[in-house]
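Colleague: Okay, handing you the structure first.
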Amino acid sequence: MRIEALFLIGVAAFFGLVGLIYWFWGYEQSGTAMLLGTTLLGLLPGTYYFWWSRRMKPRPEDRSDASIEDGAGVIGSFPDSSVWPFVLGMGLFLVVLSIVFGLWLLAPGFALVISAAVGVTVESRRGGTV
Amino acid sequence: MTTLVERPVVHAEHPEHHEGPTGLLKWMTSTDHKVIGMNYIVTSLVMFFFAGIMALVIRTQLTVPSGAVVSNQQFNELFTMHGSLMLYLFAGPFAFGGLANYIVPLQVGAPDMAFPRLNALSYWLYLSGSITMMLGFMVAGGAAAFGWVAYAPLSEATFSPGSGPDLWILALALTGFSAIFTGVNLVTTIFYLRAPGMTMFRMPIFTWNMLVTAILILIAFPVLTAAVVMLFCDRHFGTHIYTVQGGGVPVLYQNLFWFFGHPEVYILALPYFGIATEVIPVFSRKPLFGYKGMAFATMSIAALSTGVWAHHMFTTGTVLLPFFSLLSLLIAVPTGIKFFNWIGTMWRGSIVFGTPMLFSIGFLFAFLMGGLTGVMLASPPIDFVTHDTYFVVAHFHQVLFGSAVFAGFSGLYFWYPKFFGRMYNETLGKLHFWFLFIGFWVTFMPQYELGLKGMPRRVATYPAGLGWQNLNIVSTVGAFIIGFSFVFFLVNLWVSWRKPVPAGDNPWDAHALEWFATSPPVHHNFTKLPPVRSERPVWDFHHPDARTIEHGHNGHGQLVGTGAGPRQD
Amino acid sequence: MTDEPLRPALTGRRRRGALVLVGVALSLLLGGCQVPDFFGFRGATKQGHDEFLLYVGTFIAALVVGGFVGLLILFAVVRYRRRNEEMPKQFQYHIALELTYTVVPIIIVLILFGFTVITENRVDAVTPKPNLTVDVYAFQWGWEFDYPNHVVVRAETTTDPDPVGPEGLSGPQCSPAAWCLGPGLILPSGETTQINLRSRDVVHGFFVPEFNFSRYAQPGVLNQFDFTVIKPGVFRAQCTQFCGLYHSLMLFHVVAMPPTQFQTWLTAQEPTTSLNTKAAP
Ligand code: HEM
Ligand SMILES: [Cu+2]
Ligand SMILES: [Cu+2]
């Protein structure tokens with residue numbers, strides 16, 4: 001986890017630095033704002049991971065000497081198939097198209113979006129035990 | 001239904017899978033990264049063919065002065081859609097949605113992406129985005145006609161009325177979210193689902209590049225989405241963010257767009273660098289030269305690329321020239337490192353010219369030329385001359401075409417046996433390469449000279465008597481050679497479909513974990529995994545006595561070949 | 001946006017230093033002016049010529065670097081093709097070599113950056129006292145050139161050659177015809193002209209290929225730049241930033257004439273009340 005954390009903190013450090021230089025060289029606002037946002041993008045998860053990495057034992061994938069057996073056990077719960085992403089995607093598609101082709105498309109659009117939201121929740125309740 | 005996937009330990013039996021849905025329903029409901037990846041690959045190739053046909057129409061129109069194949073309006077729609085399809089719907093999704101989706105979980109030894117349902121949603125958003133963009137051709141007023149960059153205020157409702165531009169904006173919003181979701185998914189997969197022993201610095205460079213690309217996507221795409229949503233508000237809700245009349249700032253659009261746009265160029269390039277970096281070592285029978293340098297070069301390219309957006313705005317007269325030109329020039333350094341590492345990998349190797357290798361070498365030459373002219377463009381005074389001329393068109397095609405087509409098809413041929421468990425036909429593959437390679441240089445080299453002679457880009461016609469005609473004719477001929485080369489590709493697909501030649505799990509004697517899975521890999525990928533002791537576990541497994549030598553240590557350096565026992569299949 | 005032009009501050013000392021540097025480097029590198037043009041224009045203005053020299057230097061550098069790397073690839077590909085089934089040595093790192101090819105490009109790039117900054121400051125420099133100031137307005141689809149004393153040359157997109165040529169004030173002398181499309185921006189040669197560039201609607205690009213120069217015309221932004229045309233002549237020009245339906249027909253041309261002739265032309269023109277009141281929308 002340490003390397004991952006440092007990777008993200010590196011993102012933050014670099015853009016923090018560039019942002020500072022940019023601001024004090026040109027006083028241009030939009031670019032500085034975006035560079036600041038990018039700094040935060042690295043900083044928030046980066047420091048969180050770093051905090052964690054010092055509190056946990058290195059995972060098998062962090063250790064160069066780990067054998068496959070060290071990682072034995074359940075990795076996680078993965079769906080075999082699910083229709084809800086498709087339903088949600090088509091719902092959003094209709095919602096977007098409604099802006100151009102007529103607001104009536106919002107009705108089927110939202111119907112699909114809501115049913116997908118319900119469906120996926122029920123599905124993962126039932127299937128996901130981890 | 002969900003399955004609790006356990007870590008496959010060597011020899012462990014994988015639980016048999018129940019019969020899931022088949023046919024269309026399978027395609028619609030699958031959350032398997034391999035199915036989704038293949039959906040992406042097929043859809044993006046379809047987009048590539050549409051955009052390619054548009055390119056041929058554009059070239060036909062420009063063959064001679066005052067061409068009259070299409071009208072001005074049609075021409076403007078065509079180049080806009082060509083560029084938009086190629087960039088937003090082909091080059092990005094092909095690598096990042098398609099190959100990354102398929103290959104990265106395999107390369108890190110994971111059973112699937114971290115969020116399989118989100119992954120499926122990404123694809124459906126991408127597909128609907130693609131359809132939305134193409135719908136532009138069907139509405140009154142035609143498709144968007146303001147270039148793939150949609151500069152405000154040209155893209156405002158006053159100058160670009162109609163619903164074609166709206167559809168274009170909405171398509172970007174849809175595909176933008178799709179890319180962001182895939183980005184989140186990939187980062188999580190890479191951070192959390194690696195096989196034991198696969199430390200960050202043992203990940204294949206392809207995976208590294210995808211990780212870095214994912215970060216770039218998370219940096220850049222939200223800005224694009226915000227920029228086009230604000231544009232949409234300007235168009236419909238009476239805001240004046242980019243119009244002078246209401247106190248807005250048109251240049252803001254360019255700043256926002258290019259803050260996305262330049263990283264986007266690397267979002268389109270880095271995955272393809274990753275492909276070449278997989279292919280070259282395998283076909284040279286050597287480890288990648290300077291692996292760590294390569295990983296750091298990727299990171300620094302990505303970092304620098306986010307600080308250079310305004311090199312597309314040198315001629316606006318409103319940007320800090322030295323800052324942006326210095327950062328842009330500096331990108332040449334990590335890029336150079338990559339080149340020398342590729343060369344170092346081939347050096348004293350034993351190179352086989354399989355089709356993937358030929359395409360990767362083609363990529364090296366194309367990218368070398370495009371990269372050098374890129375360095376020239378990074379110098380503002382030179383950009384003042386070449387900006388928005390055919391010089392730039394030639395430059396970015398050499399980079400983008402070199403990456404997305406040469407390296408992209410290199411990857412497609414390379415992983416084809418893994419995808420389908422069958423081989424393609426080498427002769428047809430090589431013919432494809434040579435026609436493409438020749439067509440490529442014939443098409444784009446004359447465009448440099450056209451640009452230097454002052455031919456602007458995005459012009460529907462040009463007057464006679466300027467000395468541009470012969471160069472344009474050559475360029476058009478080249479474009480048709482390129483178009484023709486893809487016939488070999490299609491025939492190849494057809495041949496391997498009708499007369500399958502089994503490929504085996506590891507036809508190339510390759511390096512990374514995907515070659516340890518069956519071809520095509522089973523649901524949830526692995527039934528066994530080799531020990532991971534270097535960045536090429538599969539090679540180590542099959543060559544227990546061939547160790548990697550750290551140069552200068554005379555064989556006594558870090559020992560990375562492990563000898564995990566004899567070949568087991 | 002402010003209406004203030006962004007002008008790079010150039011102190012006299014820096015400018016002289018720059019001159020010397022460019023001069024020395026270029027005379028060393030190129031031996032005066034008889035260099036091949038490498039497909040580029042030599043530059044019909046002083047600024048354009050500076051740019052040309054930078055272009056040539058960069059082109060040569062790119063040729064050398066590209067030739068070196070290209071040959072290296074070619075050599076590797078040809079020399080190390082598979083001849084037998086022997087396993088090649090599996091070497092992977094060579095720190096000294098890797099450092100070399102990191103440091104050398106940095107040096108090359110910094111040199112290029114140095115020349116870039118010098119040239120860019122020269123090209124972008126604007127004098128406080130130009131001989132002539134012309135307000136240029138770009139619009140969909142055409143150009144307007146406002147001279148002092150309310151003389152205005154304005155034309156919408158047209159494919160007919162403009163009659164004003166270098167020899168006379170008007171008449172069909174302008175040739176070759178393909179060079180003279182669109183309205184003519186008439187200037188004195190040998191003197192410094194300052195352009196105040198604005199746009200009435202969308203973004204356009206003011207591009208005179210033979211001047212080796214282009215600049216966006218943007219709504220709400222004033223772009224100011226100078227050029228000094230060296231010799232009389234006609235130079236074709238065109239909008240480069242895509243601006244809608246008739247972008248490809250948004251042509252103009254620059255006519256540089258001797259200063260006296262220019263004055264005659266200017267005084268002969270009817271003053272117009274400018275179509276715009278200086279403040280671009
Ligand atoms: C099949 C071979 C191709 C040909 C013959 C071709 C040709 C062209 C032509 C003629 C233009 C219009 C230039 C202009 O009028 O300014 C153009 C624009 C463009 N092309 Fe291609 N192209 C090809 C492949 C690609 C690929 C593979 C990509 C990217 C992955 C690409 C990306 C673009 C972009 C971004 C533009 C700019 C669109 C704009 O100006 O808004 N092209 N291409
Ligand atoms: Cu860029
Ligand atoms: Cu224009």
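Order determines the names: the first chain of the structure tokens is A, the second B, and so forth; residues in each chain are numbered 1 upward, and ligands are numbered 1 upward as they are shown.
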Using only C-alpha atoms and all ligand atoms, find each protein or nucleic acid residue lying at most 6 Å from ligand 2; present the set as a list in words.
Modeller: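 After applying the 6 Å limit, what remains is His262, Trp309 and His312 of chain B.
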Colleague: Dump all heavy atoms for the selected residues as a compact mmCIF listing (two decimals), in the first residue's frame?
Modeller:
```
# COMPACT_ATOMS: atom_id res chain seq x y z
N HIS B 262 -4.85 18.49 -23.70
CA HIS B 262 -3.52 17.94 -23.83
C HIS B 262 -3.33 16.64 -23.07
O HIS B 262 -2.82 15.69 -23.64
CB HIS B 262 -2.39 18.92 -23.53
CG HIS B 262 -1.12 18.33 -24.01
ND1 HIS B 262 -0.73 18.39 -25.32
CD2 HIS B 262 -0.22 17.54 -23.40
CE1 HIS B 262 0.36 17.68 -25.49
NE2 HIS B 262 0.71 17.15 -24.33
N TRP B 309 -1.02 22.62 -21.13
CA TRP B 309 -2.20 22.74 -21.98
C TRP B 309 -2.15 23.92 -22.93
O TRP B 309 -2.61 23.84 -24.06
CB TRP B 309 -3.45 22.77 -21.12
CG TRP B 309 -3.63 24.02 -20.31
CD1 TRP B 309 -4.31 25.13 -20.72
CD2 TRP B 309 -3.15 24.29 -19.00
NE1 TRP B 309 -4.28 26.08 -19.73
CE2 TRP B 309 -3.58 25.60 -18.66
CE3 TRP B 309 -2.41 23.57 -18.08
CZ2 TRP B 309 -3.28 26.19 -17.44
CZ3 TRP B 309 -2.12 24.16 -16.87
CH2 TRP B 309 -2.54 25.45 -16.55
N HIS B 312 -1.38 24.81 -26.95
CA HIS B 312 -2.31 24.88 -28.06
C HIS B 312 -2.87 26.29 -28.22
O HIS B 312 -3.69 26.54 -29.08
CB HIS B 312 -3.47 23.90 -27.84
CG HIS B 312 -3.01 22.49 -27.76
ND1 HIS B 312 -2.91 21.68 -28.86
CD2 HIS B 312 -2.59 21.74 -26.72
CE1 HIS B 312 -2.45 20.50 -28.50
NE2 HIS B 312 -2.25 20.51 -27.20
```
Colleague: Please run DSSP on the backbone and report, as a ChimeraX atom specification, all residues within chain A that come out as helix (DSSP H, G or I).
Modeller: /A:2-26,29-53,60-62,68-71,84-101,103-127
Colleague: Per residue of chain C within 10 Å of ligand 1, what are the shortest atom pair and its distance in Å to one decimal, counting only C-alpha atoms and all ligand atoms, with rows by chain and residue number, as a Markdown table?
Modeller:
```
| residue | atom | partner | partner_atom_place_in_ligand_line | distance |
| --- | --- | --- | --- | --- |
| C:Thr240 | CA | ligand 1 | 16 (O) | 9.9 |
| C:Gln241 | CA | ligand 1 | 40 (O) | 10.0 |
| C:Phe242 | CA | ligand 1 | 40 (O) | 8.4 |
| C:Ser248 | CA | ligand 1 | 15 (O) | 9.9 |
```
Colleague: Can you work out which residues are within 6 Å of ligand 3, considering only C-alpha atoms and all ligand atoms, and then hand them over as a count of residues only?
Modeller: 7
Colleague: Restricting the calculation to only C-alpha atoms, which member of B:Ala295, B:Leu135, B:Ala68, B:Val319 is positioned closest to Gly26 (chain A)?
Modeller: B:Val319
Colleague: Write out as CSV a residue-level contact list of chain B versus chain A with cut-off 8 Å: for each qualifying residue the closest pair of atoms and the distance in Å to one decimal, counting only C-alpha atoms, rows sorted by chain and residue number upward.
Modeller:
```
residue,atom,partner,partner_atom,distance
B:Met1,CA,A:Gly127,CA,5.5
B:Thr2,CA,A:Pro79,CA,3.7
B:Thr3,CA,A:Phe78,CA,5.3
B:Leu4,CA,A:Ser77,CA,4.3
B:Val5,CA,A:Ile75,CA,5.8
B:Glu6,CA,A:Val74,CA,4.1
B:Arg7,CA,A:Ala72,CA,5.0
B:Pro8,CA,A:Ala72,CA,7.1
B:Val9,CA,A:Glu69,CA,5.9
B:Val10,CA,A:Ile68,CA,7.8
B:Gly20,CA,A:Ser81,CA,7.7
B:Lys26,CA,A:Ser81,CA,8.0
B:Met28,CA,A:Phe86,CA,6.4
B:Thr29,CA,A:Val83,CA,4.4
B:Ser30,CA,A:Ser81,CA,4.7
B:Thr31,CA,A:Ser81,CA,5.1
B:Asp32,CA,A:Asp80,CA,7.2
B:Asp112,CA,A:Phe78,CA,7.5
B:Pro116,CA,A:Pro79,CA,7.0
B:Arg117,CA,A:Pro85,CA,6.0
B:Leu118,CA,A:Pro85,CA,7.0
B:Ala120,CA,A:Pro85,CA,5.8
B:Leu121,CA,A:Pro85,CA,4.6
B:Trp124,CA,A:Gly89,CA,5.2
B:Leu125,CA,A:Gly89,CA,5.5
B:Ser128,CA,A:Phe93,CA,5.9
B:Gly129,CA,A:Phe93,CA,7.8
B:Thr132,CA,A:Leu97,CA,7.6
B:Ser163,CA,A:Val100,CA,6.4
B:Asp166,CA,A:Val100,CA,7.2
B:Leu167,CA,A:Val100,CA,7.2
B:Leu170,CA,A:Val96,CA,6.7
B:Phe191,CA,A:Glu4,CA,6.9
B:Leu193,CA,A:Ile75,CA,7.8
B:Arg194,CA,A:Glu61,CA,5.9
B:Ala195,CA,A:Glu61,CA,5.8
B:Pro196,CA,A:Glu61,CA,4.1
B:Gly197,CA,A:Ala66,CA,4.6
B:Met198,CA,A:Glu61,CA,5.1
B:Thr199,CA,A:Asp62,CA,5.0
B:Met200,CA,A:Ile3,CA,7.0
B:Ile219,CA,A:Thr38,CA,6.0
B:Leu252,CA,A:Ser30,CA,7.3
B:Asn255,CA,A:Gly31,CA,7.1
B:Leu256,CA,A:Ser30,CA,7.5
B:Phe259,CA,A:Gly31,CA,7.7
B:Ala303,CA,A:Phe14,CA,7.3
B:Gly307,CA,A:Val18,CA,7.3
B:Leu320,CA,A:Gly26,CA,6.6
B:Phe323,CA,A:Tyr22,CA,7.8
B:Leu529,CA,A:Ile68,CA,7.0
B:Pro530,CA,A:Ile68,CA,7.4
B:Pro531,CA,A:Ser67,CA,5.9
B:Val532,CA,A:Ser67,CA,7.4
B:Arg533,CA,A:Ser64,CA,6.9
```
Colleague: Which residue is closest to chain B? Choose from C:Arg79, C:Arg215, C:Lys129, C:Lys46 and count only C-alpha atoms.
Modeller: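 When distances to chain B are compared using only C-alpha atoms, the smallest one comes from C:Arg215.
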Colleague: Got a sec: who's within 6 Å of region 119-125 of chain C, counting only C-alpha atoms, leaving out chain neighbours fewer than 3 positions off, as a list in words?
Modeller: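 Result of the neighbour search: Pro381 of chain B; Gln47 and Thr116 of chain C.
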Colleague: One decimal, in Å: what's the spacing between CA of Trp104 (chain A) and CA of Glu156 (chain B)?
Modeller: 25.6 Å
Colleague: Between B:Gly344, B:Gly52, B:Pro500, B:Gly465, which has the minimum distance to Lys286 (chain B) (counting only C-alpha atoms)?
Modeller: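 Once distances to Lys286 (chain B) are computed over only C-alpha atoms, the minimum belongs to B:Gly344.
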Colleague: Using only C-alpha atoms, find the residues of chain B whose closest atom to chain C is at most 6 Å away, then write them as a PDB file with N, CA and C atoms, in the first residue's frame.
Modeller:
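For reference, result-v3.pdb as written:
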```
ATOM      1  N   GLN B  73     -20.643  23.081 -45.804  1.00  0.00           N
ATOM      2  CA  GLN B  73     -21.256  22.629 -44.564  1.00  0.00           C
ATOM      3  C   GLN B  73     -20.973  21.151 -44.324  1.00  0.00           C
ATOM      4  N   PRO B 153     -16.608  31.310 -29.031  1.00  0.00           N
ATOM      5  CA  PRO B 153     -18.065  31.357 -29.171  1.00  0.00           C
ATOM      6  C   PRO B 153     -18.618  30.718 -30.445  1.00  0.00           C
ATOM      7  N   LEU B 154     -17.773  30.087 -31.261  1.00  0.00           N
ATOM      8  CA  LEU B 154     -18.326  29.467 -32.469  1.00  0.00           C
ATOM      9  C   LEU B 154     -19.349  28.393 -32.113  1.00  0.00           C
ATOM     10  N   LYS B 286      13.812 -10.771 -24.878  1.00  0.00           N
ATOM     11  CA  LYS B 286      14.623 -10.181 -23.821  1.00  0.00           C
ATOM     12  C   LYS B 286      13.704  -9.461 -22.846  1.00  0.00           C
ATOM     13  N   PHE B 289      14.379  -3.379 -21.467  1.00  0.00           N
ATOM     14  CA  PHE B 289      15.565  -2.673 -20.998  1.00  0.00           C
ATOM     15  C   PHE B 289      15.129  -1.449 -20.191  1.00  0.00           C
ATOM     16  N   GLY B 290      15.685  -1.320 -18.995  1.00  0.00           N
ATOM     17  CA  GLY B 290      15.372  -0.147 -18.178  1.00  0.00           C
ATOM     18  C   GLY B 290      13.929  -0.095 -17.720  1.00  0.00           C
ATOM     19  N   THR B 315      -0.857  31.107 -29.975  1.00  0.00           N
ATOM     20  CA  THR B 315      -1.183  32.236 -30.825  1.00  0.00           C
ATOM     21  C   THR B 315      -2.387  33.018 -30.324  1.00  0.00           C
ATOM     22  N   THR B 316      -2.897  32.694 -29.130  1.00  0.00           N
ATOM     23  CA  THR B 316      -3.974  33.521 -28.623  1.00  0.00           C
ATOM     24  C   THR B 316      -3.430  34.835 -28.092  1.00  0.00           C
ATOM     25  N   VAL B 333      12.119  14.737 -23.035  1.00  0.00           N
ATOM     26  CA  VAL B 333      13.139  13.974 -22.300  1.00  0.00           C
ATOM     27  C   VAL B 333      12.632  12.575 -21.920  1.00  0.00           C
ATOM     28  N   TRP B 347      18.296  -4.350 -28.654  1.00  0.00           N
ATOM     29  CA  TRP B 347      19.745  -4.469 -28.814  1.00  0.00           C
ATOM     30  C   TRP B 347      20.237  -5.832 -28.354  1.00  0.00           C
ATOM     31  N   ARG B 348      21.000  -6.499 -29.163  1.00  0.00           N
ATOM     32  CA  ARG B 348      21.533  -7.825 -28.873  1.00  0.00           C
ATOM     33  C   ARG B 348      20.425  -8.816 -28.539  1.00  0.00           C
ATOM     34  N   GLY B 349      19.247  -8.552 -29.051  1.00  0.00           N
ATOM     35  CA  GLY B 349      18.162  -9.495 -28.865  1.00  0.00           C
ATOM     36  C   GLY B 349      18.125 -10.482 -30.017  1.00  0.00           C
ATOM     37  N   SER B 350      17.002 -11.133 -30.132  1.00  0.00           N
ATOM     38  CA  SER B 350      16.835 -12.123 -31.184  1.00  0.00           C
ATOM     39  C   SER B 350      15.440 -11.891 -31.738  1.00  0.00           C
ATOM     40  N   ILE B 351      15.363 -10.949 -32.678  1.00  0.00           N
ATOM     41  CA  ILE B 351      14.065 -10.384 -33.057  1.00  0.00           C
ATOM     42  C   ILE B 351      13.350 -11.232 -34.097  1.00  0.00           C
ATOM     43  N   VAL B 352      12.109 -11.566 -33.822  1.00  0.00           N
ATOM     44  CA  VAL B 352      11.260 -12.225 -34.811  1.00  0.00           C
ATOM     45  C   VAL B 352      10.291 -11.195 -35.343  1.00  0.00           C
ATOM     46  N   SER B 379       7.955  25.196 -29.587  1.00  0.00           N
ATOM     47  CA  SER B 379       8.664  26.469 -29.575  1.00  0.00           C
ATOM     48  C   SER B 379       7.734  27.532 -30.156  1.00  0.00           C
ATOM     49  N   PRO B 381       7.654  30.569 -31.399  1.00  0.00           N
ATOM     50  CA  PRO B 381       7.817  31.233 -32.698  1.00  0.00           C
ATOM     51  C   PRO B 381       7.579  30.287 -33.869  1.00  0.00           C
ATOM     52  N   PHE B 384       3.907  29.806 -34.238  1.00  0.00           N
ATOM     53  CA  PHE B 384       3.218  30.931 -34.885  1.00  0.00           C
ATOM     54  C   PHE B 384       3.075  30.683 -36.382  1.00  0.00           C
ATOM     55  N   VAL B 385       4.027  30.008 -36.977  1.00  0.00           N
ATOM     56  CA  VAL B 385       3.976  29.764 -38.420  1.00  0.00           C
ATOM     57  C   VAL B 385       3.097  28.579 -38.739  1.00  0.00           C
ATOM     58  N   ASP B 388      -2.398  25.688 -36.754  1.00  0.00           N
ATOM     59  CA  ASP B 388      -3.591  25.590 -37.580  1.00  0.00           C
ATOM     60  C   ASP B 388      -3.297  25.480 -39.063  1.00  0.00           C
ATOM     61  N   LEU B 452       3.837  24.130 -44.347  1.00  0.00           N
ATOM     62  CA  LEU B 452       4.882  25.148 -44.418  1.00  0.00           C
ATOM     63  C   LEU B 452       4.640  26.091 -45.584  1.00  0.00           C
ATOM     64  N   GLY B 454       1.775  27.155 -46.186  1.00  0.00           N
ATOM     65  CA  GLY B 454       0.699  28.030 -45.744  1.00  0.00           C
ATOM     66  C   GLY B 454      -0.700  27.498 -45.906  1.00  0.00           C
ATOM     67  N   PRO B 456      -3.919  26.224 -44.563  1.00  0.00           N
ATOM     68  CA  PRO B 456      -4.511  26.081 -43.241  1.00  0.00           C
ATOM     69  C   PRO B 456      -5.259  24.760 -43.132  1.00  0.00           C
ATOM     70  N   VAL B 459      -9.833  23.625 -44.035  1.00  0.00           N
ATOM     71  CA  VAL B 459     -10.386  24.367 -45.165  1.00  0.00           C
ATOM     72  C   VAL B 459     -11.063  23.384 -46.110  1.00  0.00           C
ATOM     73  N   ALA B 460     -12.233  23.785 -46.595  1.00  0.00           N
ATOM     74  CA  ALA B 460     -13.004  22.906 -47.464  1.00  0.00           C
ATOM     75  C   ALA B 460     -12.488  22.947 -48.894  1.00  0.00           C
ATOM     76  N   GLY B 465      -3.327  27.638 -58.153  1.00  0.00           N
ATOM     77  CA  GLY B 465      -2.232  28.562 -58.374  1.00  0.00           C
ATOM     78  C   GLY B 465      -1.365  28.806 -57.165  1.00  0.00           C
ATOM     79  N   THR B 548      17.496 -12.926 -15.535  1.00  0.00           N
ATOM     80  CA  THR B 548      17.718 -11.554 -15.942  1.00  0.00           C
ATOM     81  C   THR B 548      19.013 -11.065 -15.316  1.00  0.00           C
ATOM     82  N   ILE B 549      19.803 -10.372 -16.108  1.00  0.00           N
ATOM     83  CA  ILE B 549      21.065  -9.857 -15.603  1.00  0.00           C
ATOM     84  C   ILE B 549      20.953  -8.353 -15.455  1.00  0.00           C
ATOM     85  N   GLU B 550      21.291  -7.871 -14.294  1.00  0.00           N
ATOM     86  CA  GLU B 550      21.409  -6.421 -14.162  1.00  0.00           C
ATOM     87  C   GLU B 550      22.740  -6.053 -14.771  1.00  0.00           C
ATOM     88  N   HIS B 551      22.719  -5.246 -15.784  1.00  0.00           N
ATOM     89  CA  HIS B 551      23.954  -4.938 -16.474  1.00  0.00           C
ATOM     90  C   HIS B 551      24.967  -4.376 -15.498  1.00  0.00           C
TER      91      HIS B 551
END
```
Colleague: Need the shell around Leu412 (chain B): protein/DNA/RNA residues with any atom at most 12 Å away, counting only C-alpha atoms. Skip same-chain ones fewer than 5 positions apart. Format as a PyMOL selection string?
Modeller: chain B and resi 38+41-42+45+94-95+98-100+102-103+272+275-276+279+355-357+359-360+404-407+417-420+423-424+429+489+493
